[in-house]
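Listing of protein_6.json, JSON, C-alpha atoms
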```json
[["chain", "number", "residue", "atom", "x", "y", "z"],
["A", 88, "MET", "CA", 1.97, -17.19, -47.51],
["A", 89, "GLU", "CA", -1.32, -17.14, -45.59],
["A", 90, "ASN", "CA", -2.13, -20.23, -43.53],
["A", 91, "THR", "CA", -5.55, -21.48, -44.62],
["A", 92, "GLU", "CA", -5.59, -24.66, -42.54],
["A", 93, "LYS", "CA", -8.88, -25.16, -40.74],
["A", 94, "ILE", "CA", -8.65, -25.69, -36.99],
["A", 95, "ALA", "CA", -10.00, -29.07, -35.92],
["A", 96, "ILE", "CA", -12.94, -28.60, -33.56],
["A", 97, "THR", "CA", -12.82, -30.66, -30.36],
["A", 98, "GLN", "CA", -15.08, -30.87, -27.33],
["A", 99, "ALA", "CA", -14.15, -29.64, -23.87],
["A", 100, "ARG", "CA", -14.06, -32.03, -20.98],
["A", 101, "ALA", "CA", -16.65, -32.19, -18.20],
["A", 102, "PRO", "CA", -18.47, -30.24, -16.99],
["A", 103, "PHE", "CA", -18.44, -28.39, -20.31],
["A", 104, "ASP", "CA", -19.55, -31.32, -22.47],
["A", 105, "ASP", "CA", -23.27, -31.17, -21.64],
["A", 106, "HIS", "CA", -25.30, -31.39, -24.87],
["A", 107, "ASN", "CA", -28.31, -29.94, -23.08],
["A", 108, "CYS", "CA", -26.56, -26.58, -23.18],
["A", 109, "ASP", "CA", -28.06, -23.54, -24.88],
["A", 110, "ILE", "CA", -24.82, -21.84, -26.01],
["A", 111, "ILE", "CA", -21.36, -22.98, -27.07],
["A", 112, "LEU", "CA", -18.22, -20.94, -26.49],
["A", 113, "ARG", "CA", -15.49, -21.87, -28.95],
["A", 114, "SER", "CA", -11.93, -21.09, -27.89],
["A", 115, "ALA", "CA", -9.30, -19.64, -30.18],
["A", 116, "ASP", "CA", -7.73, -23.09, -30.55],
["A", 117, "GLY", "CA", -11.00, -24.76, -31.53],
["A", 118, "VAL", "CA", -12.34, -26.30, -28.31],
["A", 119, "ASP", "CA", -16.12, -26.13, -27.83],
["A", 120, "PHE", "CA", -17.40, -25.44, -24.32],
["A", 121, "HIS", "CA", -21.07, -26.39, -23.86],
["A", 122, "VAL", "CA", -22.42, -23.90, -21.35],
["A", 123, "PHE", "CA", -25.61, -22.21, -20.19],
["A", 124, "LYS", "CA", -26.64, -18.63, -20.86],
["A", 125, "LEU", "CA", -28.19, -18.24, -17.41],
["A", 126, "ILE", "CA", -24.93, -18.96, -15.60],
["A", 127, "LEU", "CA", -22.88, -16.68, -17.83],
["A", 128, "SER", "CA", -25.50, -13.90, -17.66],
["A", 129, "LEU", "CA", -25.47, -14.00, -13.86],
["A", 130, "MET", "CA", -21.68, -13.82, -13.79],
["A", 131, "SER", "CA", -21.05, -11.36, -16.61],
["A", 132, "PRO", "CA", -23.04, -8.30, -17.75],
["A", 133, "VAL", "CA", -21.02, -8.48, -20.97],
["A", 134, "PHE", "CA", -22.40, -11.91, -21.81],
["A", 135, "LYS", "CA", -25.85, -10.87, -20.61],
["A", 136, "ASP", "CA", -25.90, -7.99, -23.08],
["A", 137, "MET", "CA", -24.44, -10.22, -25.79],
["A", 138, "PHE", "CA", -27.22, -12.78, -25.37],
["A", 139, "ALA", "CA", -29.86, -10.03, -25.56],
["A", 140, "LEU", "CA", -28.77, -9.20, -29.10],
["A", 141, "PRO", "CA", -30.12, -11.07, -32.13],
["A", 142, "GLN", "CA", -28.19, -14.31, -32.46],
["A", 143, "SER", "CA", -26.13, -14.31, -35.64],
["A", 144, "GLU", "CA", -23.47, -16.77, -34.53],
["A", 145, "SER", "CA", -22.62, -19.94, -36.36],
["A", 146, "GLN", "CA", -24.07, -23.23, -35.26],
["A", 147, "SER", "CA", -22.35, -26.37, -34.05],
["A", 148, "ASP", "CA", -21.73, -29.07, -36.62],
["A", 149, "VAL", "CA", -23.53, -31.57, -34.40],
["A", 150, "SER", "CA", -26.40, -29.48, -33.03],
["A", 151, "SER", "CA", -28.44, -26.36, -33.59],
["A", 152, "VAL", "CA", -26.94, -24.64, -30.55],
["A", 153, "PRO", "CA", -25.45, -21.23, -31.37],
["A", 154, "VAL", "CA", -21.65, -20.92, -31.25],
["A", 155, "ILE", "CA", -19.74, -17.83, -30.10],
["A", 156, "THR", "CA", -16.04, -17.78, -30.89],
["A", 157, "VAL", "CA", -13.89, -16.03, -28.28],
["A", 158, "THR", "CA", -10.25, -14.95, -28.38],
["A", 159, "GLU", "CA", -9.16, -16.88, -25.28],
["A", 160, "SER", "CA", -7.33, -20.21, -25.53],
["A", 161, "SER", "CA", -9.02, -23.34, -24.24],
["A", 162, "THR", "CA", -6.77, -23.39, -21.14],
["A", 163, "ILE", "CA", -7.74, -19.85, -20.18],
["A", 164, "LEU", "CA", -11.40, -20.34, -21.05],
["A", 165, "GLU", "CA", -11.65, -23.52, -19.01],
["A", 166, "SER", "CA", -10.24, -21.85, -15.88],
["A", 167, "LEU", "CA", -12.50, -18.83, -16.42],
["A", 168, "LEU", "CA", -15.62, -20.98, -16.72],
["A", 169, "LEU", "CA", -14.63, -23.07, -13.70],
["A", 170, "LEU", "CA", -14.61, -19.83, -11.70],
["A", 171, "CYS", "CA", -18.16, -19.19, -12.85],
["A", 172, "TYR", "CA", -19.67, -22.61, -12.32],
["A", 173, "PRO", "CA", -20.80, -23.79, -8.88],
["A", 174, "ALA", "CA", -18.84, -26.58, -7.18],
["A", 175, "THR", "CA", -15.92, -26.29, -9.60],
["A", 176, "THR", "CA", -12.46, -24.92, -8.85],
["A", 177, "PRO", "CA", -9.60, -24.25, -11.28],
["A", 178, "THR", "CA", -5.99, -24.98, -10.40],
["A", 179, "PHE", "CA", -3.52, -22.39, -11.66],
["A", 180, "GLY", "CA", -0.15, -23.66, -12.82],
["A", 181, "SER", "CA", 1.58, -20.40, -11.87],
["A", 182, "LEU", "CA", 0.84, -16.85, -10.85],
["A", 183, "GLY", "CA", 1.36, -15.89, -14.49],
["A", 184, "ASP", "CA", -1.39, -18.31, -15.54],
["A", 185, "ALA", "CA", -3.69, -16.89, -12.88],
["A", 186, "LYS", "CA", -3.06, -13.32, -14.06],
["A", 187, "VAL", "CA", -4.05, -14.20, -17.65],
["A", 188, "VAL", "CA", -7.31, -15.77, -16.45],
["A", 189, "MET", "CA", -8.06, -12.76, -14.26],
["A", 190, "LYS", "CA", -7.48, -10.38, -17.15],
["A", 191, "ALA", "CA", -10.04, -12.38, -19.11],
["A", 192, "ALA", "CA", -12.45, -12.15, -16.15],
["A", 193, "SER", "CA", -11.93, -8.37, -16.14],
["A", 194, "LYS", "CA", -12.60, -8.24, -19.87],
["A", 195, "TYR", "CA", -16.00, -9.86, -19.35],
["A", 196, "ASP", "CA", -16.64, -7.88, -16.12],
["A", 197, "MET", "CA", -16.92, -11.03, -14.00],
["A", 198, "GLN", "CA", -16.56, -9.43, -10.58],
["A", 199, "ALA", "CA", -17.62, -12.46, -8.57],
["A", 200, "ALA", "CA", -15.18, -14.65, -10.51],
["A", 201, "LEU", "CA", -12.40, -12.13, -9.87],
["A", 202, "SER", "CA", -13.10, -12.14, -6.14],
["A", 203, "ARG", "CA", -13.09, -15.92, -6.07],
["A", 204, "ALA", "CA", -9.88, -16.00, -8.10],
["A", 205, "GLY", "CA", -8.21, -13.83, -5.46],
["A", 206, "ASP", "CA", -9.07, -16.31, -2.72],
["A", 207, "LEU", "CA", -7.79, -19.20, -4.85],
["A", 208, "VAL", "CA", -4.52, -17.46, -5.70],
["A", 209, "MET", "CA", -3.78, -16.76, -2.04],
["A", 210, "ALA", "CA", -4.60, -20.38, -1.17],
["A", 211, "GLN", "CA", -2.75, -22.02, -4.06],
["A", 212, "PHE", "CA", 0.36, -19.84, -3.82],
["A", 213, "PRO", "CA", 1.19, -19.42, -0.13],
["A", 214, "SER", "CA", 3.64, -16.56, 0.19],
["A", 215, "TYR", "CA", 7.33, -17.24, 0.33],
["A", 216, "ASN", "CA", 10.29, -14.98, -0.36],
["A", 217, "SER", "CA", 9.98, -15.01, -4.13],
["A", 218, "ASN", "CA", 6.35, -13.92, -4.40],
["A", 219, "PHE", "CA", 5.41, -11.74, -1.42],
["A", 220, "LEU", "CA", 5.52, -8.63, -3.57],
["A", 221, "GLU", "CA", 3.98, -10.17, -6.67],
["A", 222, "LEU", "CA", 0.94, -11.21, -4.63],
["A", 223, "TYR", "CA", 0.76, -7.69, -3.24],
["A", 224, "ALA", "CA", 0.89, -6.19, -6.75],
["A", 225, "LEU", "CA", -1.77, -8.60, -7.98],
["A", 226, "SER", "CA", -4.03, -7.79, -5.04],
["A", 227, "CYS", "CA", -3.70, -4.06, -5.68],
["A", 228, "GLN", "CA", -4.29, -4.48, -9.41],
["A", 229, "PHE", "CA", -7.60, -6.27, -8.89],
["A", 230, "GLY", "CA", -8.74, -4.40, -5.78],
["A", 231, "TRP", "CA", -8.43, -7.20, -3.21],
["A", 232, "LEU", "CA", -7.78, -4.98, -0.21],
["A", 233, "HIS", "CA", -7.80, -7.76, 2.41],
["A", 234, "HIS", "CA", -5.36, -9.84, 0.35],
["A", 235, "ALA", "CA", -3.16, -6.76, -0.16],
["A", 236, "GLN", "CA", -3.00, -6.40, 3.64],
["A", 237, "THR", "CA", -2.09, -10.08, 4.02],
["A", 238, "ALA", "CA", 0.66, -9.89, 1.38],
["A", 239, "ALA", "CA", 2.00, -6.64, 2.85],
["A", 240, "THR", "CA", 2.20, -8.25, 6.29],
["A", 241, "GLN", "CA", 4.04, -11.26, 4.85],
["A", 242, "ALA", "CA", 6.42, -8.88, 3.04],
["A", 243, "LEU", "CA", 7.69, -7.76, 6.46],
["A", 244, "GLU", "CA", 10.00, -10.77, 6.10],
["A", 245, "ILE", "CA", 12.02, -8.77, 3.55],
["A", 246, "TRP", "CA", 15.09, -6.95, 4.84],
["A", 247, "ASN", "CA", 15.20, -3.20, 4.11],
["A", 248, "LEU", "CA", 12.31, -3.20, 1.67],
["A", 249, "GLY", "CA", 12.62, -0.33, -0.78],
["A", 250, "ARG", "CA", 16.27, -0.59, -1.73],
["A", 251, "PRO", "CA", 16.88, -0.71, -5.51],
["A", 252, "SER", "CA", 17.60, -4.45, -5.38],
["A", 253, "GLN", "CA", 13.98, -5.23, -4.49],
["A", 254, "MET", "CA", 12.71, -5.82, -8.03],
["A", 255, "PHE", "CA", 9.92, -8.38, -8.36],
["A", 256, "ASN", "CA", 7.60, -9.90, -10.91],
["A", 257, "GLY", "CA", 4.48, -7.79, -11.03],
["A", 258, "MET", "CA", 6.20, -4.46, -10.38],
["A", 259, "ARG", "CA", 4.99, -3.25, -13.78],
["A", 260, "ASP", "CA", 1.43, -4.04, -12.69],
["A", 261, "VAL", "CA", 1.45, -2.03, -9.47],
["A", 262, "THR", "CA", 1.01, 1.73, -9.31],
["A", 263, "ALA", "CA", 3.57, 4.02, -7.72],
["A", 264, "MET", "CA", 1.02, 4.91, -5.02],
["A", 265, "ASP", "CA", 0.34, 1.27, -4.14],
["A", 266, "TYR", "CA", 4.08, 0.55, -3.92],
["A", 267, "HIS", "CA", 4.55, 3.68, -1.78],
["A", 268, "ARG", "CA", 1.84, 2.43, 0.57],
["A", 269, "LEU", "CA", 3.66, -0.88, 0.91],
["A", 270, "LEU", "CA", 6.96, 0.86, 1.76],
["A", 271, "GLU", "CA", 5.15, 3.15, 4.20],
["A", 272, "TYR", "CA", 3.51, 0.16, 5.89],
["A", 273, "HIS", "CA", 6.82, -1.71, 6.13],
["A", 274, "TYR", "CA", 8.53, 1.32, 7.68],
["A", 275, "GLU", "CA", 5.75, 2.00, 10.20],
["A", 276, "CYS", "CA", 5.77, -1.64, 11.27],
["A", 277, "GLY", "CA", 9.54, -1.38, 11.73],
["A", 278, "ILE", "CA", 9.20, 1.69, 13.94],
["A", 279, "ALA", "CA", 6.53, -0.03, 16.05],
["A", 280, "ALA", "CA", 8.57, -3.22, 16.39],
["A", 281, "GLN", "CA", 11.76, -1.38, 17.32],
["A", 282, "ALA", "CA", 9.93, 0.52, 20.05],
["A", 283, "VAL", "CA", 9.13, -2.74, 21.86],
["A", 284, "GLY", "CA", 12.77, -3.16, 22.87],
["A", 285, "ASN", "CA", 13.26, 0.52, 23.69],
["A", 286, "SER", "CA", 10.85, 0.25, 26.61],
["A", 287, "LEU", "CA", 9.83, -2.78, 28.66],
["A", 288, "SER", "CA", 6.66, -1.11, 29.94],
["A", 289, "TRP", "CA", 4.69, -3.99, 28.42],
["A", 290, "LEU", "CA", 6.26, -6.51, 30.85],
["A", 291, "ASP", "CA", 3.95, -7.33, 33.77],
["A", 292, "VAL", "CA", 4.62, -8.50, 37.31],
["A", 293, "ARG", "CA", 4.53, -12.19, 36.37],
["A", 294, "HIS", "CA", 8.02, -11.81, 34.92],
["A", 295, "LYS", "CA", 9.70, -9.81, 37.69],
["A", 296, "ASP", "CA", 11.91, -12.75, 38.69],
["A", 297, "LEU", "CA", 13.74, -13.17, 35.38],
["A", 298, "GLU", "CA", 17.52, -13.17, 35.79],
["A", 299, "MET", "CA", 18.11, -10.26, 33.37],
["A", 300, "TRP", "CA", 17.09, -7.77, 36.10],
["A", 301, "GLY", "CA", 17.99, -9.83, 39.14],
["A", 302, "GLU", "CA", 20.73, -8.94, 41.59],
["A", 303, "CYS", "CA", 24.18, -9.95, 40.33],
["A", 304, "LYS", "CA", 27.70, -8.59, 40.06],
["A", 305, "CYS", "CA", 27.50, -7.92, 36.29],
["A", 306, "LYS", "CA", 25.15, -5.00, 37.07],
["A", 307, "ARG", "CA", 27.03, -3.73, 40.11],
["A", 308, "TYR", "CA", 29.08, -1.05, 38.37],
["A", 309, "SER", "CA", 27.47, -0.72, 34.93],
["A", 310, "PHE", "CA", 23.77, -0.94, 34.22],
["A", 311, "VAL", "CA", 20.88, 0.66, 32.35],
["A", 312, "THR", "CA", 17.55, 1.39, 34.02],
["A", 313, "LEU", "CA", 14.40, 0.39, 32.18],
["A", 314, "GLN", "CA", 10.74, 0.81, 33.08],
["A", 315, "THR", "CA", 8.37, -2.15, 33.49],
["A", 316, "GLN", "CA", 4.87, -2.58, 34.87],
["A", 317, "PHE", "CA", 6.43, -3.77, 38.14],
["A", 318, "GLY", "CA", 8.74, -0.77, 38.50],
["A", 319, "ASN", "CA", 12.15, 0.27, 37.25],
["A", 320, "VAL", "CA", 14.72, -2.47, 36.74],
["A", 321, "ASN", "CA", 18.47, -2.40, 36.18],
["A", 322, "VAL", "CA", 19.84, -4.52, 33.35],
["A", 323, "GLY", "CA", 23.43, -5.29, 32.43],
["A", 324, "PRO", "CA", 25.18, -3.88, 29.36],
["A", 325, "TRP", "CA", 24.95, -7.21, 27.53],
["A", 326, "PHE", "CA", 21.13, -7.26, 27.79],
["A", 327, "HIS", "CA", 20.74, -3.61, 26.87],
["A", 328, "GLU", "CA", 22.99, -4.19, 23.85],
["A", 329, "TYR", "CA", 20.77, -7.11, 22.84],
["A", 330, "LEU", "CA", 17.67, -4.90, 22.96],
["A", 331, "LEU", "CA", 19.34, -2.19, 20.89],
["A", 332, "SER", "CA", 20.77, -4.59, 18.29],
["A", 333, "SER", "CA", 17.56, -6.60, 17.91],
["A", 334, "GLY", "CA", 15.63, -3.33, 17.65],
["A", 335, "ARG", "CA", 17.78, -2.19, 14.72],
["A", 336, "GLU", "CA", 17.16, -5.52, 13.02],
["A", 337, "LEU", "CA", 13.42, -5.24, 13.62],
["A", 338, "LEU", "CA", 13.41, -1.78, 12.05],
["A", 339, "ALA", "CA", 14.72, -3.33, 8.84],
["A", 340, "ARG", "CA", 12.65, -6.54, 9.05],
["A", 341, "PRO", "CA", 9.75, -6.28, 11.50],
["A", 342, "CYS", "CA", 8.69, -9.91, 11.83],
["A", 343, "GLU", "CA", 8.97, -12.87, 14.19],
["A", 344, "SER", "CA", 11.78, -14.65, 12.30],
["A", 345, "THR", "CA", 14.06, -11.64, 12.81],
["A", 346, "LEU", "CA", 14.13, -12.46, 16.52],
["A", 347, "THR", "CA", 14.25, -16.24, 16.15],
["A", 348, "ASP", "CA", 17.09, -16.12, 13.59],
["A", 349, "SER", "CA", 19.12, -13.29, 15.11],
["A", 350, "SER", "CA", 22.77, -13.96, 15.94],
["A", 351, "VAL", "CA", 22.72, -11.21, 18.58],
["A", 352, "TYR", "CA", 20.56, -13.46, 20.76],
["A", 353, "ASN", "CA", 23.26, -16.12, 21.08],
["A", 354, "LEU", "CA", 25.90, -13.43, 21.49],
["A", 355, "ALA", "CA", 23.96, -11.95, 24.41],
["A", 356, "ILE", "CA", 23.72, -15.33, 26.14],
["A", 357, "ALA", "CA", 27.43, -15.92, 25.59],
["A", 358, "LYS", "CA", 28.27, -12.59, 27.25],
["A", 359, "ALA", "CA", 25.88, -13.29, 30.13],
["A", 360, "THR", "CA", 27.63, -16.55, 30.96],
["A", 361, "ASN", "CA", 30.68, -14.53, 32.01],
["A", 362, "CYS", "CA", 28.68, -13.70, 35.12],
["A", 363, "ASP", "CA", 28.73, -16.49, 37.74],
["A", 364, "THR", "CA", 25.17, -15.62, 38.84],
["A", 365, "CYS", "CA", 23.58, -15.14, 35.43],
["A", 366, "ARG", "CA", 25.07, -18.25, 33.83],
["A", 367, "VAL", "CA", 23.01, -20.60, 36.02],
["A", 368, "CYS", "CA", 19.66, -19.94, 34.36],
["A", 369, "ILE", "CA", 20.21, -17.24, 31.75],
["A", 370, "ALA", "CA", 19.56, -19.50, 28.73],
["A", 371, "GLN", "CA", 16.17, -20.54, 30.10],
["A", 372, "HIS", "CA", 15.20, -17.01, 31.14],
["A", 373, "MET", "CA", 16.31, -15.47, 27.85],
["A", 374, "ASP", "CA", 14.18, -18.04, 26.03],
["A", 375, "ILE", "CA", 11.19, -16.96, 28.11],
["A", 376, "PHE", "CA", 11.93, -13.30, 27.42],
["A", 377, "ARG", "CA", 12.34, -13.86, 23.68],
["A", 378, "THR", "CA", 8.94, -15.58, 23.57],
["A", 379, "LEU", "CA", 7.39, -12.55, 25.31],
["A", 380, "TYR", "CA", 9.35, -10.19, 23.05],
["A", 381, "ILE", "CA", 8.07, -11.93, 19.92],
["A", 382, "ALA", "CA", 4.48, -11.88, 21.16],
["A", 383, "GLN", "CA", 4.67, -8.14, 21.89],
["A", 384, "VAL", "CA", 6.24, -7.38, 18.50],
["A", 385, "LYS", "CA", 3.49, -9.31, 16.74],
["A", 386, "LYS", "CA", 0.89, -7.50, 18.83],
["A", 387, "VAL", "CA", 2.09, -3.99, 17.98],
["A", 388, "VAL", "CA", 2.74, -4.79, 14.32],
["A", 389, "ALA", "CA", -0.83, -6.09, 14.02],
["A", 390, "THR", "CA", -2.09, -2.62, 14.97],
["A", 391, "VAL", "CA", -0.43, -1.10, 11.90],
["A", 392, "LYS", "CA", -2.67, -1.26, 8.84],
["A", 393, "LEU", "CA", -1.91, -0.90, 5.17],
["A", 394, "ARG", "CA", -3.27, 2.48, 4.05],
["A", 395, "THR", "CA", -5.84, 2.12, 1.28],
["A", 396, "ASP", "CA", -7.16, 5.69, 0.95],
["A", 397, "ASP", "CA", -5.87, 7.95, -1.83]]
```
Target format structure tokens, applied to this file:
Amino acid sequence: MENTEKIAITQARAPFDDHNCDIILRSADGVDFHVFKLILSLMSPVFKDMFALPQSESQSDVSSVPVITVTESSTILESLLLLCYPATTPTFGSLGDAKVVMKAASKYDMQAALSRAGDLVMAQFPSYNSNFLELYALSCQFGWLHHAQTAATQALEIWNLGRPSQMFNGMRDVTAMDYHRLLEYHYECGIAAQAVGNSLSWLDVRHKDLEMWGECKCKRYSFVTLQTQFGNVNVGPWFHEYLLSSGRELLARPCESTLTDSSVYNLAIAKATNCDTCRVCIAQHMDIFRTLYIAQVKKVVATVKLRTDD
């Protein structure tokens, strides 16, 4: 049986309750938004063209202002209009809510509102493990290249990105090419990060006195020679093993927390304490080295950019 109940018309809250308006947008659930044609025309060529046509809309029950009924709910319409109005900012309850509003902005070709929405989404939903990739997909979908780069960089926190287990909300919204670019970026950052530990040529003379390449008995019979800016140095097996192990971890997860959270760091220090010479200051010197290591990894990873060309 068809539902013939009439929807009760209510008025939107400020700033969309101004009776000096020259147009009313009525949401699908019967909320009237009192707005101005000039603002909507500046933000949306769709509305601009609509207002240029002869007005055949209904009128408000309380005024002679024309009414245009839209298909969006009052919640979506309010957020959309807040993106258009100066000095107003919507708050999205979730990424899903934001996506619905942005689809409405796309429908009305509100490019400035879409750009502003991207900034708000990145600010209101700081990336954490559950939405790195969804933010990336959203950024690709709406063409926010700088936000896509930010989300891709944050996604370096993910171990072995690309394995079948890495499903995420928004995967249906991202193209195969955009996802491929993300995997390519993650891999290239991993290669760059791993290379930091393969060569110490980035270490300058200020750090020549660190215990890892000082004279001690643990390097007397077994050592590996590495190049630095202050010449070749011999390091013990325990330190070389640390570089190799941390490098493999960086290949899979090329970010700072890989080095700060790594168990191989503590294992290396434990092995070094077997040497009577190294044990005196190895914890302090390894902490200094790890700080330098992290800085160099961040430096080389920052040179890798997300590819955006076709």
Point to revise | Shortest interatomic distance to Ala280 in chain A - which of A:Leu207, A:Cys368, A:Val388, A:Ala339, counting only C-alpha atoms | key: A:Val388
Check your understanding: Do you know which residues are at most 12 Å from range 112-128 of chain A counting only C-alpha atoms, after dropping those on the same chain fewer than 4 positions away, and could you put them as number ranges by chain?
Key -> A: 93-108, 132-139, 144-150, 152-173, 192, 195-197, 199-200
Fewer than 6 positions away in the same chain doesn't count, so skip those; otherwise give me all residues within 12 Å of Glu275 in chain A, counting all atoms listed in the file, as a PDB file with C-alpha atoms, in the frame of the given file.
```pdb
ATOM      1  CA  ALA A 239       2.000  -6.640   2.850  1.00  0.00           C
ATOM      2  CA  THR A 240       2.200  -8.250   6.290  1.00  0.00           C
ATOM      3  CA  LEU A 243       7.690  -7.760   6.460  1.00  0.00           C
ATOM      4  CA  LEU A 248      12.310  -3.200   1.670  1.00  0.00           C
ATOM      5  CA  ARG A 268       1.840   2.430   0.570  1.00  0.00           C
ATOM      6  CA  LEU A 269       3.660  -0.880   0.910  1.00  0.00           C
ATOM      7  CA  GLN A 281      11.760  -1.380  17.320  1.00  0.00           C
ATOM      8  CA  ALA A 282       9.930   0.520  20.050  1.00  0.00           C
ATOM      9  CA  LEU A 337      13.420  -5.240  13.620  1.00  0.00           C
ATOM     10  CA  LEU A 338      13.410  -1.780  12.050  1.00  0.00           C
ATOM     11  CA  ALA A 339      14.720  -3.330   8.840  1.00  0.00           C
ATOM     12  CA  ARG A 340      12.650  -6.540   9.050  1.00  0.00           C
ATOM     13  CA  PRO A 341       9.750  -6.280  11.500  1.00  0.00           C
ATOM     14  CA  VAL A 387       2.090  -3.990  17.980  1.00  0.00           C
ATOM     15  CA  VAL A 388       2.740  -4.790  14.320  1.00  0.00           C
ATOM     16  CA  ALA A 389      -0.830  -6.090  14.020  1.00  0.00           C
ATOM     17  CA  THR A 390      -2.090  -2.620  14.970  1.00  0.00           C
ATOM     18  CA  VAL A 391      -0.430  -1.100  11.900  1.00  0.00           C
ATOM     19  CA  LYS A 392      -2.670  -1.260   8.840  1.00  0.00           C
ATOM     20  CA  LEU A 393      -1.910  -0.900   5.170  1.00  0.00           C
ATOM     21  CA  ARG A 394      -3.270   2.480   4.050  1.00  0.00           C
TER      22      ARG A 394
END
```
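The coordinates place CA of Thr345 in chain A at 28.9 Å from CA of Gly205 in chain A.
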**Study point:** Option closest in space to Ile245 in chain A, from A:Cys227, A:Ile375, A:Leu270, A:Ala263 [counting all atoms listed in the file]
**Key:** A:Leu270
Practice item. Excluding Arg366 in chain A and any residue of its chain fewer than 2 positions from it, enumerate the residues within 12 Å of it, using all atoms listed in the file, and give them as a VMD selection string. Key: chain A and resid 298 to 299 303 to 305 355 to 364 368 to 373
Review point. Residues at most 8 Å from Asn256 in chain A, counting only C-alpha atoms, excluding those fewer than 2 positions away in the same chain, as a ChimeraX atom specification?
Key: /A:218,220-221,254,258-259
**Study point:** Separation of CA of Leu287 in chain A from CA of Thr315 in chain A, in Å and rounded to one decimal
**Key:**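 CA of Leu287 in chain A sits 5.1 Å away from CA of Thr315 in chain A.
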**Study point:** Atomic distance CA of Ala185 in chain A - CA of Leu201 in chain A, expressed in Å with one decimal
**Key:** 10.4 Å
**Study point:** Residue with smallest distance to Trp300 in chain A - pool A:Ala235, A:Val208, A:Val283, A:Leu313, counting all atoms listed in the file
**Key:**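 Of A:Ala235, A:Val208, A:Val283, A:Leu313, the one nearest Trp300 in chain A is A:Leu313, counting all atoms listed in the file.
Distances here use all atoms listed in the file; by that measure, the residue among A:Leu331, A:Trp289, A:Val367, A:Asp296 closest to Lys386 in chain A is A:Trp289.
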Point to revise | For Asn247 in chain A, the nearest of the candidates A:Lys190, A:Arg335, A:His327, A:Lys295, counting only C-alpha atoms | key: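 Using only C-alpha atoms, the shortest distance to Asn247 in chain A belongs to A:Arg335.
Within 10 Å of the point (11.0, -11.4, 22.2), counting only C-alpha atoms, the protein and nucleic acid residues come to Val283, Gly284, Leu330, Ser333, Glu343, Thr345, Leu346, Thr347, Tyr352, Met373, Asp374, Ile375, Phe376, Arg377, Thr378, Leu379, Tyr380, Ile381, Ala382, Gln383, Val384 and Lys385 of chain A.
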Taking all atoms of range 310-316 of chain A that the file lists and extending 5 Å past them on each side, where is the centre of the axis-aligned box and how long are its edges? Answer in Å to one decimal, as JSON.
```
{"center_x": 14.3, "center_y": -0.6, "center_z": 33.5, "size_x": 28.9, "size_y": 14.0, "size_z": 12.7}
```
